[in-house]
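Visitor: Input structure: coords_20.cif, which contains mmCIF, C-alpha atoms and all ligand atoms.
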data_entry
#
loop_
_atom_site.label_atom_id
_atom_site.label_comp_id
_atom_site.auth_asym_id
_atom_site.auth_seq_id
_atom_site.Cartn_x
_atom_site.Cartn_y
_atom_site.Cartn_z
CA MET A 1 12.88 -1.33 -29.20
CA THR A 2 12.27 1.93 -31.02
CA GLY A 3 9.38 4.28 -31.61
CA THR A 4 8.95 3.23 -35.22
CA SER A 5 5.66 1.43 -35.07
CA THR A 6 4.67 -1.39 -37.32
CA LEU A 7 1.88 -3.78 -36.49
CA SER A 8 4.13 -6.68 -37.42
CA LEU A 9 6.31 -6.16 -34.33
CA PRO A 10 5.84 -9.21 -32.15
CA ALA A 11 4.45 -8.68 -28.64
CA ARG A 12 7.05 -11.08 -27.28
CA ASP A 13 10.27 -10.74 -25.37
CA ALA A 14 13.51 -12.59 -26.15
CA ARG A 15 12.29 -15.68 -24.32
CA GLY A 16 9.03 -15.79 -26.27
CA ALA A 17 6.90 -14.52 -23.38
CA PRO A 18 4.74 -11.43 -23.80
CA PRO A 19 6.28 -8.39 -22.13
CA LEU A 20 4.59 -7.25 -18.93
CA LEU A 21 3.34 -4.10 -20.69
CA TRP A 22 2.93 -3.79 -24.44
CA VAL A 23 1.68 -0.66 -26.16
CA GLU A 24 1.45 -1.10 -29.92
CA ASN A 25 1.00 1.65 -32.48
CA ALA A 26 -1.10 3.66 -30.07
CA HIS A 27 -2.78 6.82 -31.29
CA LYS A 28 -4.72 9.12 -29.01
CA TYR A 29 -6.98 11.92 -30.16
CA TYR A 30 -8.66 14.34 -27.77
CA GLU A 31 -11.76 16.01 -29.18
CA MET A 32 -12.07 19.61 -27.99
CA GLY A 33 -15.20 21.00 -29.59
CA GLU A 34 -14.12 21.72 -33.15
CA ALA A 35 -10.47 21.04 -32.46
CA ARG A 36 -8.81 17.66 -32.38
CA VAL A 37 -5.52 17.10 -30.56
CA HIS A 38 -3.39 14.22 -31.78
CA ALA A 39 -1.65 13.50 -28.47
CA LEU A 40 -0.07 10.13 -29.34
CA ARG A 41 0.98 9.44 -32.92
CA GLY A 42 1.84 5.78 -33.22
CA VAL A 43 3.63 4.82 -30.02
CA THR A 44 5.06 1.33 -29.61
CA VAL A 45 6.74 0.45 -26.32
CA GLY A 46 7.25 -2.83 -24.49
CA VAL A 47 8.21 -2.98 -20.82
CA ALA A 48 9.61 -6.25 -19.48
CA GLY A 49 9.00 -7.40 -15.93
CA GLY A 50 11.73 -6.01 -13.68
CA ASP A 51 12.46 -2.96 -15.83
CA PHE A 52 12.74 0.56 -14.41
CA VAL A 53 11.81 3.10 -17.08
CA ALA A 54 12.06 6.88 -16.91
CA VAL A 55 9.70 8.72 -19.28
CA MET A 56 10.91 12.16 -20.32
CA GLY A 57 9.93 14.85 -22.81
CA ALA A 58 8.74 18.45 -22.99
CA SER A 59 5.41 19.49 -21.56
CA GLY A 60 2.62 18.45 -23.94
CA SER A 61 4.66 15.68 -25.58
CA GLY A 62 2.23 12.94 -24.50
CA LYS A 63 3.79 11.53 -21.32
CA SER A 64 0.69 11.68 -19.13
CA THR A 65 -1.52 10.41 -21.95
CA PHE A 66 0.82 7.42 -22.25
CA MET A 67 0.85 6.85 -18.47
CA ASN A 68 -2.95 7.01 -18.34
CA ILE A 69 -3.08 4.23 -20.92
CA LEU A 70 -0.55 2.12 -18.97
CA GLY A 71 -2.62 2.68 -15.82
CA CYS A 72 -5.88 1.65 -17.53
CA LEU A 73 -7.28 5.12 -16.78
CA ASP A 74 -7.76 5.85 -20.49
CA ARG A 75 -7.67 3.95 -23.77
CA PRO A 76 -5.85 4.61 -27.02
CA THR A 77 -8.13 5.80 -29.86
CA SER A 78 -6.46 3.15 -32.02
CA GLY A 79 -3.72 0.61 -31.42
CA ARG A 80 -3.45 -1.94 -28.65
CA TYR A 81 -2.45 -2.13 -25.01
CA LEU A 82 -1.66 -5.54 -23.58
CA LEU A 83 -1.09 -5.95 -19.84
CA GLU A 84 0.48 -9.33 -19.05
CA GLY A 85 -0.52 -10.37 -22.55
CA ILE A 86 -4.18 -9.45 -22.05
CA ASP A 87 -5.80 -6.88 -24.34
CA VAL A 88 -7.13 -4.36 -21.86
CA SER A 89 -9.86 -3.18 -24.28
CA SER A 90 -11.52 -6.60 -23.94
CA LEU A 91 -12.12 -6.16 -20.21
CA THR A 92 -15.24 -4.88 -18.48
CA LYS A 93 -15.16 -1.82 -16.24
CA ARG A 94 -15.30 -4.04 -13.21
CA GLU A 95 -12.38 -6.16 -14.40
CA LEU A 96 -10.40 -3.02 -15.14
CA ALA A 97 -11.05 -1.64 -11.66
CA GLY A 98 -9.85 -4.96 -10.23
CA ILE A 99 -6.64 -4.81 -12.25
CA ARG A 100 -5.99 -1.23 -11.21
CA ASN A 101 -6.39 -2.12 -7.56
CA ARG A 102 -4.37 -5.36 -7.56
CA LYS A 103 -1.74 -5.14 -10.29
CA LEU A 104 -0.98 -1.42 -10.49
CA GLY A 105 0.29 1.04 -7.93
CA PHE A 106 0.13 4.79 -8.54
CA VAL A 107 2.31 7.57 -7.16
CA PHE A 108 1.86 11.24 -8.06
CA GLN A 109 3.65 14.53 -7.59
CA GLY A 110 1.27 15.61 -4.81
CA PHE A 111 1.24 12.93 -2.14
CA ASN A 112 -2.58 12.92 -1.85
CA LEU A 113 -2.61 11.65 1.72
CA ILE A 114 -5.67 12.04 3.88
CA ALA A 115 -5.10 14.57 6.67
CA ARG A 116 -6.01 13.61 10.26
CA THR A 117 -5.39 10.01 9.30
CA THR A 118 -2.23 8.20 10.40
CA ALA A 119 0.44 6.94 8.02
CA LEU A 120 -0.65 3.37 8.74
CA GLU A 121 -4.31 4.14 8.00
CA ASN A 122 -3.41 6.00 4.80
CA VAL A 123 -1.39 3.01 3.62
CA ALA A 124 -4.19 0.58 4.51
CA LEU A 125 -6.76 2.48 2.45
CA PRO A 126 -6.52 0.46 -0.81
CA THR A 127 -7.07 -2.76 1.15
CA LEU A 128 -10.60 -1.60 1.96
CA TYR A 129 -11.56 -2.60 -1.60
CA THR A 130 -10.32 -6.14 -1.10
CA ARG A 131 -11.67 -9.00 0.95
CA MET A 132 -9.29 -8.93 3.85
CA HIS A 133 -9.67 -9.16 7.59
CA LYS A 134 -8.89 -6.06 9.64
CA SER A 135 -5.86 -7.69 11.25
CA GLU A 136 -4.49 -8.59 7.84
CA ARG A 137 -5.03 -5.04 6.55
CA THR A 138 -2.98 -3.65 9.42
CA GLU A 139 -0.29 -6.26 8.91
CA ARG A 140 -0.03 -5.54 5.17
CA ALA A 141 0.09 -1.80 5.79
CA ALA A 142 2.87 -2.23 8.37
CA GLU A 143 4.83 -4.39 5.91
CA ALA A 144 4.46 -1.77 3.19
CA LEU A 145 5.65 0.97 5.55
CA ALA A 146 8.67 -1.19 6.41
CA LYS A 147 9.53 -1.47 2.69
CA VAL A 148 9.88 2.31 2.47
CA GLY A 149 11.76 2.57 5.77
CA LEU A 150 8.99 4.17 7.82
CA VAL A 151 7.99 1.64 10.47
CA ASP A 152 8.67 4.18 13.19
CA ARG A 153 6.24 6.71 11.65
CA ALA A 154 3.14 4.49 11.51
CA GLY A 155 1.22 6.61 14.01
CA HIS A 156 2.21 9.99 12.57
CA PHE A 157 -0.21 12.26 10.72
CA PRO A 158 0.78 13.74 7.34
CA SER A 159 1.23 17.19 8.91
CA GLN A 160 3.84 15.69 11.25
CA MET A 161 5.98 14.39 8.39
CA SER A 162 8.39 15.93 5.87
CA GLY A 163 7.58 15.95 2.15
CA GLY A 164 9.93 13.02 1.59
CA GLN A 165 8.28 11.01 4.37
CA GLN A 166 4.83 11.79 2.99
CA GLN A 167 5.88 10.59 -0.45
CA ARG A 168 7.18 7.39 1.15
CA VAL A 169 3.79 6.87 2.77
CA ALA A 170 2.20 7.39 -0.66
CA ILE A 171 4.59 4.80 -2.12
CA ALA A 172 3.73 2.35 0.68
CA ARG A 173 0.03 2.94 -0.07
CA ALA A 174 0.73 2.13 -3.74
CA LEU A 175 2.45 -1.12 -2.67
CA VAL A 176 0.00 -2.38 -0.08
CA ASN A 177 -1.97 -4.68 -2.41
CA GLY A 178 1.23 -6.17 -3.83
CA PRO A 179 1.18 -4.76 -7.38
CA SER A 180 3.67 -5.92 -10.01
CA ILE A 181 3.89 -2.46 -11.59
CA LEU A 182 4.44 0.96 -10.06
CA LEU A 183 3.42 3.97 -12.18
CA ALA A 184 4.77 7.29 -10.96
CA ASP A 185 4.02 10.69 -12.55
CA GLU A 186 6.71 13.15 -11.41
CA PRO A 187 7.11 11.57 -7.96
CA THR A 188 9.92 13.96 -7.05
CA GLY A 189 8.35 17.09 -8.57
CA ASN A 190 7.65 18.64 -5.15
CA LEU A 191 10.85 17.56 -3.40
CA ASP A 192 14.31 19.07 -2.92
CA SER A 193 17.25 17.35 -4.57
CA ARG A 194 18.48 15.29 -1.64
CA THR A 195 14.97 14.06 -0.83
CA SER A 196 14.45 13.25 -4.51
CA VAL A 197 17.51 11.01 -4.47
CA GLU A 198 16.19 9.36 -1.30
CA ILE A 199 12.99 8.52 -3.18
CA MET A 200 15.14 7.08 -5.99
CA GLU A 201 16.89 4.95 -3.38
CA VAL A 202 13.48 3.54 -2.42
CA PHE A 203 12.60 2.95 -6.10
CA GLN A 204 15.90 1.21 -6.85
CA ASP A 205 15.47 -0.96 -3.77
CA LEU A 206 11.92 -1.94 -4.78
CA ASN A 207 13.07 -2.53 -8.36
CA ASP A 208 15.89 -4.80 -7.09
CA ARG A 209 13.19 -6.84 -5.36
CA GLY A 210 11.35 -7.33 -8.65
CA LEU A 211 8.92 -4.42 -8.89
CA THR A 212 8.55 -2.99 -12.41
CA ILE A 213 8.58 0.82 -12.41
CA VAL A 214 7.58 3.40 -15.02
CA MET A 215 8.24 6.95 -13.86
CA VAL A 216 7.74 10.34 -15.53
CA THR A 217 10.33 12.94 -14.68
CA HIS A 218 11.55 16.26 -16.05
CA GLU A 219 14.96 15.94 -14.46
CA HIS A 220 17.92 14.19 -16.11
CA ASP A 221 19.50 13.85 -12.65
CA ILE A 222 16.54 11.72 -11.60
CA ALA A 223 16.05 9.81 -14.88
CA ARG A 224 19.60 8.44 -14.70
CA PHE A 225 18.63 6.25 -11.73
CA ALA A 226 16.31 4.26 -14.02
CA LYS A 227 17.54 1.38 -16.18
CA ARG A 228 16.09 2.88 -19.33
CA VAL A 229 15.00 6.30 -20.57
CA VAL A 230 12.17 6.79 -23.09
CA VAL A 231 11.90 10.31 -24.50
CA PHE A 232 8.65 11.59 -26.00
CA ARG A 233 8.40 14.38 -28.54
CA ASP A 234 5.17 15.59 -30.15
CA GLY A 235 3.35 12.36 -29.38
CA THR A 236 6.04 10.06 -30.70
CA ILE A 237 9.01 8.31 -29.14
CA ARG A 238 12.17 10.12 -29.99
CA LYS A 239 14.62 8.03 -28.02
CA ASP A 240 14.54 4.77 -26.08
CA GLU A 241 17.87 3.89 -24.53
CA ALA A 242 19.39 1.92 -21.68
CA THR A 243 20.99 4.12 -19.01
CA VAL A 244 24.77 4.13 -19.20
CA ASP A 245 26.70 4.07 -15.89
CA ARG A 246 23.55 4.07 -13.79
CA PRO A 247 24.37 5.39 -10.32
CA ARG A 248 23.13 3.79 -7.12
CA ALA A 249 21.07 6.37 -5.25
CA ALA A 250 22.47 5.07 -1.94
CA ASN A 251 26.01 5.95 -3.07
CA VAL A 252 24.99 9.35 -4.41
CA LEU A 253 23.37 10.15 -1.04
CA GLN A 254 26.63 9.56 0.82
CA ALA A 255 28.26 12.32 -1.23
CA LEU A 256 25.38 14.79 -0.78
CA PRO A 257 25.28 17.24 2.11
CA THR A 258 22.65 16.55 4.76
CA LEU A 259 20.49 19.19 6.43
CA GLU A 260 22.82 19.21 9.44
CA ASP A 261 25.91 20.06 7.32
P1 LIG A 301 2.62 15.75 -21.06
O1 LIG A 301 2.21 14.90 -19.93
O2 LIG A 301 3.85 15.27 -21.77
O3 LIG A 301 2.77 17.19 -20.67
P2 LIG A 301 -0.03 15.24 -22.12
O4 LIG A 301 -0.12 13.79 -22.41
O5 LIG A 301 -0.68 15.74 -20.89
O6 LIG A 301 1.50 15.70 -22.20
O7 LIG A 301 -0.67 16.05 -23.35
C1 LIG A 301 -0.39 15.76 -24.73
C2 LIG A 301 -1.25 16.67 -25.60
O8 LIG A 301 -2.61 16.32 -25.43
C3 LIG A 301 -1.13 18.13 -25.26
O9 LIG A 301 -1.25 18.88 -26.45
C4 LIG A 301 -2.31 18.37 -24.35
O10 LIG A 301 -2.74 19.71 -24.41
C5 LIG A 301 -3.34 17.43 -24.92
N1 LIG A 301 -4.27 16.91 -23.90
C6 LIG A 301 -3.95 16.18 -22.80
N2 LIG A 301 -5.03 15.83 -22.10
C7 LIG A 301 -6.10 16.37 -22.76
C8 LIG A 301 -7.52 16.36 -22.55
N3 LIG A 301 -8.05 15.71 -21.51
N4 LIG A 301 -8.29 17.02 -23.44
C9 LIG A 301 -7.74 17.65 -24.48
N5 LIG A 301 -6.43 17.70 -24.76
C10 LIG A 301 -5.61 17.06 -23.91
MG MG A 302 2.03 15.41 -17.81
#
With the file now loaded, output its structure as structure tokens.
Guide:
Amino acid sequence: MTGTSTLSLPARDARGAPPLLWVENAHKYYEMGEARVHALRGVTVGVAGGDFVAVMGASGSGKSTFMNILGCLDRPTSGRYLLEGIDVSSLTKRELAGIRNRKLGFVFQGFNLIARTTALENVALPTLYTRMHKSERTERAAEALAKVGLVDRAGHFPSQMSGGQQQRVAIARALVNGPSILLADEPTGNLDSRTSVEIMEVFQDLNDRGLTIVMVTHEHDIARFAKRVVVFRDGTIRKDEATVDRPRAANVLQALPTLED
């Protein structure tokens, strides 16, 4: 799939099913008083279930605008966005909020954890907007912490954890309602290189278990852990390629020095 956008492109994958995410000929204008910024200029991208996409490109190239559309936080000025084949623009605010809470998980550069609140309670937070019994909330939160390898930190406060551990808690929080898609905007932006690879190990592990991931990163060393790299330039897609010789983060970690070395 390339950035050349024609409306005749079918929103179907090879098996005839709609892709999990389908952005078609999306344009985005921001009005700034007199000025008008053309942030996306005809972007067409499909993401199949099970994919792991790294989004790259210079600052200002449209990455966050694109992610906001994928996350139903903003809409394209023109063009379409289909999530599981459903045109998101046809949904009410309430339906959109429901989709954001159930189908999408978000991870950011800052971990955005609540201080003086344990890891387990932080992770359980998104379940407060669902109909779930307290015991089930705790159980789901513990399961999510286990998925990121942090069972033994459930009772810790954010201040008692490293940056990498805090980001894992944030990932567990994003997973707690069982989303099918994880959207991450520079998830390793605040982390050192070894910890960044550890986060990629978590992402590859989750992706192996079926989670679809779209992740913005500035670093080629991080993007190579994804299955596919999409490069933005000036609001268009400049490149969209499968990753060649994708490394396993777990193997890379074995070759990296640890803090004790
Ligand atoms: P990136 O994430 O790749 O750095 P963005 O999607 O944030 O790029 O921005 C793309 C362009 O749109 C930039 O020129 C930016 O200044 C502009 N832009 C982004 N958000 C807004 C906004 N809320 N209002 C006005 N202009 C914006
Ligand atoms: Mg950005």
Visitor: Give me, as a PyMOL selection string, the set of residues whose atoms come within 12 Å of any atom of ligand MG 302 (chain A), counting all atoms listed in the file.
Guide: chain A and resi 39+55-68+108-109+184-187+189+215-218+232
Visitor: Record the distance separating atom CA of A:Thr117 and atom CA of A:Glu136, expressed in Å with one decimal.
Guide: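 Result for atom CA of A:Thr117 versus atom CA of A:Glu136: 18.7 Å, one decimal.
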Visitor: Quote the spacing between atom CA of A:Leu21 and atom CA of A:Asp240 in Å to one decimal place.
Guide: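 Atom CA of A:Asp240 lies at a distance of 15.3 Å from atom CA of A:Leu21.
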Visitor: List as a ChimeraX atom specification the protein and nucleic acid residues near A:Ile114, meaning an atom at most 12 Å away when all atoms listed in the file are counted, but skip any in the same chain fewer than 3 places from it.
Guide: /A:110-111,117-125,156-159,166,169-170,173
Visitor: May I have the protein, DNA and RNA residues with any atom at most 8 Å from the point (7.0, -9.1, -21.2), counting only C-alpha atoms, written as an mmCIF file with C-alpha atoms, in the frame of the given file?
Guide:
data_model
loop_
_atom_site.group_PDB
_atom_site.id
_atom_site.type_symbol
_atom_site.label_atom_id
_atom_site.label_comp_id
_atom_site.auth_asym_id
_atom_site.auth_seq_id
_atom_site.Cartn_x
_atom_site.Cartn_y
_atom_site.Cartn_z
ATOM 1 C CA ALA A 11 4.450 -8.680 -28.640
ATOM 2 C CA ARG A 12 7.050 -11.080 -27.280
ATOM 3 C CA ASP A 13 10.270 -10.740 -25.370
ATOM 4 C CA ALA A 17 6.900 -14.520 -23.380
ATOM 5 C CA PRO A 18 4.740 -11.430 -23.800
ATOM 6 C CA PRO A 19 6.280 -8.390 -22.130
ATOM 7 C CA LEU A 20 4.590 -7.250 -18.930
ATOM 8 C CA LEU A 21 3.340 -4.100 -20.690
ATOM 9 C CA TRP A 22 2.930 -3.790 -24.440
ATOM 10 C CA GLY A 46 7.250 -2.830 -24.490
ATOM 11 C CA VAL A 47 8.210 -2.980 -20.820
ATOM 12 C CA ALA A 48 9.610 -6.250 -19.480
ATOM 13 C CA GLY A 49 9.000 -7.400 -15.930
ATOM 14 C CA GLU A 84 0.480 -9.330 -19.050
ATOM 15 C CA GLY A 85 -0.520 -10.370 -22.550
#
Visitor: From the list A:Leu145, A:Leu211, A:Val231, A:Ala250, which residue is nearest ligand LIG 301 (chain A) when using only C-alpha atoms and all ligand atoms?
Guide: A:Val231
Visitor: To one decimal place, how far is atom CA of A:Val53 from atom CA of A:Ile171 in Å?
Guide: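 Atom CA of A:Ile171 lies 16.7 Å from atom CA of A:Val53.
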Visitor: Identify which of the residues A:Ala172, A:Leu206, A:Ile86, A:Ile237 lies closest to ligand LIG 301 (chain A), counting all atoms listed in the file when measuring atom-to-atom distances.
Guide: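 Between A:Ala172, A:Leu206, A:Ile86, A:Ile237, the residue approaching ligand LIG 301 (chain A) most closely is A:Ile237.
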Visitor: Considering only C-alpha atoms and all ligand atoms, state which residue in the set A:Pro76, A:Gly50, A:Pro126, A:Gly235 is at the smallest distance from ligand LIG 301 (chain A).
Guide: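 Nearest candidate to ligand LIG 301 (chain A) out of A:Pro76, A:Gly50, A:Pro126, A:Gly235: A:Gly235.
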Visitor: Let me make sure I understand: among A:Gly155, A:Ala26, A:Leu113, A:Ser193, which one has the smallest atom-to-atom distance to A:Arg168 if we use all atoms listed in the file?
Guide: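 Comparing A:Gly155, A:Ala26, A:Leu113, A:Ser193 against A:Arg168, the winner is A:Leu113.
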